[in-house]
Amino acid sequence: MRYRVMRLIVMFDLPVETAEQRRQYRLFRKCLLNEGFLMMQESIYVRITTNRQSAALLEERIRHALPSTGLIQTLLTTEKQYNSMHFLVGSPKTDIKNRDDKVVVI
């Protein structure tokens with residue numbers, strides 16, 4: 001099996017006007033963190049996956065934690081596409097958890 005490192009990006013805009021909406025927001029964010037996602041910026045989370053199939057399985061697990069309202073989108077990119085991102089203001093995080101050379105395929 002050939003591995004092609006991919007990045008699954010989850011972008012969301014969830015309402016937080018009521019106590020129940022805030023609860024659903026917290027549960028969804030907690031699900032992303034438990035699945036190994038890292039926050040790129042507020043409401044944008046990213047995770048490294050080994051291939052398209054593992055990204056699809058990950059997306060399916062996330063579906064179980066979806067709130068009842070709001071907008072949630074995913075984007076799957078190759079590592080090469082992800083690394084071609086331009087920073088117009090600010091700089092990339094140098095967090096060791098966010099590097100593809102630290103991915104171990106078992």
# chains A, B, ... in the order shown; residues from 1 in each chain; ligands from 1

$ select_by_dssp --residues "stretch 34-106 of chain A" --states "alpha helix (DSSP H)" --output "ChimeraX atom specification"
/A:34,52-63,79-83

$ write_last_selection --atoms "N, CA, C and O atoms" --output "short mmCIF file (atom, residue, chain, number, x, y, z; two decimals), in the first residue's frame"
data_model
loop_
_atom_site.label_atom_id
_atom_site.label_comp_id
_atom_site.auth_asym_id
_atom_site.auth_seq_id
_atom_site.Cartn_x
_atom_site.Cartn_y
_atom_site.Cartn_z
N ASN A 34 -10.01 15.37 20.41
CA ASN A 34 -9.84 13.95 20.73
C ASN A 34 -9.42 13.13 19.51
O ASN A 34 -8.77 12.09 19.66
N ARG A 52 -6.25 9.00 1.54
CA ARG A 52 -7.65 9.42 1.39
C ARG A 52 -8.61 8.54 2.18
O ARG A 52 -9.58 9.03 2.73
N GLN A 53 -8.33 7.27 2.22
CA GLN A 53 -9.22 6.35 2.93
C GLN A 53 -9.24 6.65 4.43
O GLN A 53 -10.31 6.68 5.05
N SER A 54 -8.09 6.89 5.03
CA SER A 54 -8.08 7.20 6.46
C SER A 54 -8.74 8.56 6.71
O SER A 54 -9.38 8.74 7.75
N ALA A 55 -8.63 9.49 5.77
CA ALA A 55 -9.30 10.78 5.91
C ALA A 55 -10.81 10.60 5.86
O ALA A 55 -11.55 11.24 6.62
N ALA A 56 -11.29 9.72 4.97
CA ALA A 56 -12.72 9.46 4.86
C ALA A 56 -13.25 8.82 6.14
O ALA A 56 -14.34 9.17 6.62
N LEU A 57 -12.51 7.89 6.71
CA LEU A 57 -12.92 7.27 7.97
C LEU A 57 -12.95 8.28 9.11
O LEU A 57 -13.85 8.26 9.95
N LEU A 58 -11.97 9.16 9.13
CA LEU A 58 -11.91 10.21 10.15
C LEU A 58 -13.11 11.15 10.01
O LEU A 58 -13.75 11.50 11.00
N GLU A 59 -13.41 11.51 8.78
CA GLU A 59 -14.57 12.39 8.54
C GLU A 59 -15.86 11.71 9.00
O GLU A 59 -16.74 12.36 9.56
N GLU A 60 -15.96 10.42 8.78
CA GLU A 60 -17.15 9.68 9.21
C GLU A 60 -17.27 9.68 10.74
O GLU A 60 -18.38 9.81 11.28
N ARG A 61 -16.15 9.55 11.45
CA ARG A 61 -16.20 9.60 12.92
C ARG A 61 -16.63 10.99 13.40
O ARG A 61 -17.36 11.11 14.39
N ILE A 62 -16.22 12.03 12.69
CA ILE A 62 -16.60 13.39 13.07
C ILE A 62 -18.10 13.60 12.89
O ILE A 62 -18.73 14.33 13.65
N ARG A 63 -18.68 12.94 11.89
CA ARG A 63 -20.12 13.09 11.62
C ARG A 63 -20.97 12.75 12.85
O ARG A 63 -22.06 13.27 13.01
N GLU A 79 -0.09 16.95 1.20
CA GLU A 79 0.90 17.65 2.04
C GLU A 79 1.60 18.73 1.22
O GLU A 79 1.88 19.82 1.72
N LYS A 80 1.84 18.46 -0.06
CA LYS A 80 2.49 19.45 -0.92
C LYS A 80 1.61 20.69 -1.08
O LYS A 80 2.10 21.82 -1.00
N GLN A 81 0.31 20.48 -1.28
CA GLN A 81 -0.61 21.61 -1.38
C GLN A 81 -0.66 22.39 -0.07
O GLN A 81 -0.66 23.62 -0.07
N TYR A 82 -0.72 21.67 1.03
CA TYR A 82 -0.77 22.32 2.34
C TYR A 82 0.48 23.16 2.59
O TYR A 82 0.41 24.28 3.09
N ASN A 83 1.64 22.63 2.20
CA ASN A 83 2.89 23.36 2.42
C ASN A 83 3.08 24.54 1.49
O ASN A 83 3.96 25.36 1.70
#

$ closest_atom_pairs --of "stretch 28-104 of chain A" --to "stretch 6-12 of chain A" --cutoff "12 Å" --atoms "only C-alpha atoms" --output "Markdown table"
| residue | atom | partner | partner_atom | distance |
| --- | --- | --- | --- | --- |
| A:Phe28 | CA | A:Phe12 | CA | 9.9 |
| A:Arg29 | CA | A:Phe12 | CA | 9.8 |
| A:Cys31 | CA | A:Val10 | CA | 11.8 |
| A:Leu32 | CA | A:Val10 | CA | 8.7 |
| A:Leu33 | CA | A:Val10 | CA | 11.5 |
| A:Glu35 | CA | A:Leu8 | CA | 11.5 |
| A:Gly36 | CA | A:Leu8 | CA | 10.9 |
| A:Phe37 | CA | A:Ile9 | CA | 8.7 |
| A:Leu38 | CA | A:Ile9 | CA | 9.6 |
| A:Met39 | CA | A:Val10 | CA | 9.5 |
| A:Met40 | CA | A:Ile9 | CA | 9.1 |
| A:Gln41 | CA | A:Met11 | CA | 9.6 |
| A:Glu42 | CA | A:Met11 | CA | 9.0 |
| A:Ser43 | CA | A:Phe12 | CA | 5.4 |
| A:Ile44 | CA | A:Met11 | CA | 4.5 |
| A:Tyr45 | CA | A:Val10 | CA | 5.2 |
| A:Val46 | CA | A:Ile9 | CA | 4.4 |
| A:Arg47 | CA | A:Leu8 | CA | 5.4 |
| A:Ile48 | CA | A:Arg7 | CA | 4.6 |
| A:Thr49 | CA | A:Met6 | CA | 5.2 |
| A:Thr50 | CA | A:Met6 | CA | 6.0 |
| A:Asn51 | CA | A:Met6 | CA | 5.8 |
| A:Arg52 | CA | A:Met6 | CA | 7.1 |
| A:Gln53 | CA | A:Met6 | CA | 10.2 |
| A:Ser54 | CA | A:Met6 | CA | 9.3 |
| A:Ala55 | CA | A:Leu8 | CA | 6.5 |
| A:Ala56 | CA | A:Leu8 | CA | 9.2 |
| A:Leu57 | CA | A:Leu8 | CA | 11.1 |
| A:Leu58 | CA | A:Leu8 | CA | 8.7 |
| A:Glu59 | CA | A:Leu8 | CA | 8.4 |
| A:Ile62 | CA | A:Val10 | CA | 9.8 |
| A:Arg63 | CA | A:Val10 | CA | 11.6 |
| A:Leu66 | CA | A:Phe12 | CA | 10.5 |
| A:Pro67 | CA | A:Phe12 | CA | 10.7 |
| A:Thr69 | CA | A:Phe12 | CA | 10.7 |
| A:Gly70 | CA | A:Phe12 | CA | 7.5 |
| A:Leu71 | CA | A:Phe12 | CA | 5.5 |
| A:Ile72 | CA | A:Phe12 | CA | 4.2 |
| A:Gln73 | CA | A:Met11 | CA | 5.2 |
| A:Thr74 | CA | A:Val10 | CA | 4.5 |
| A:Leu75 | CA | A:Ile9 | CA | 5.0 |
| A:Leu76 | CA | A:Leu8 | CA | 4.6 |
| A:Thr77 | CA | A:Arg7 | CA | 5.3 |
| A:Thr78 | CA | A:Met6 | CA | 4.4 |
| A:Glu79 | CA | A:Met6 | CA | 5.2 |
| A:Lys80 | CA | A:Met6 | CA | 8.6 |
| A:Gln81 | CA | A:Met6 | CA | 9.0 |
| A:Tyr82 | CA | A:Arg7 | CA | 7.1 |
| A:Asn83 | CA | A:Arg7 | CA | 10.0 |
| A:Asn98 | CA | A:Arg7 | CA | 10.4 |
| A:Arg99 | CA | A:Arg7 | CA | 10.8 |
| A:Asp100 | CA | A:Met6 | CA | 9.0 |
| A:Val103 | CA | A:Met6 | CA | 10.9 |

$ atom_distance --atom1 "atom CA of A:Tyr25" --atom2 "atom CA of A:Ala65"
9.8 Å

$ atom_distance --atom1 "atom CA of A:His64" --atom2 "atom CA of A:Glu20"
17.2 Å

$ atom_distance --atom1 "atom CA of A:Phe87" --atom2 "atom CA of A:Arg4"
24.3 Å
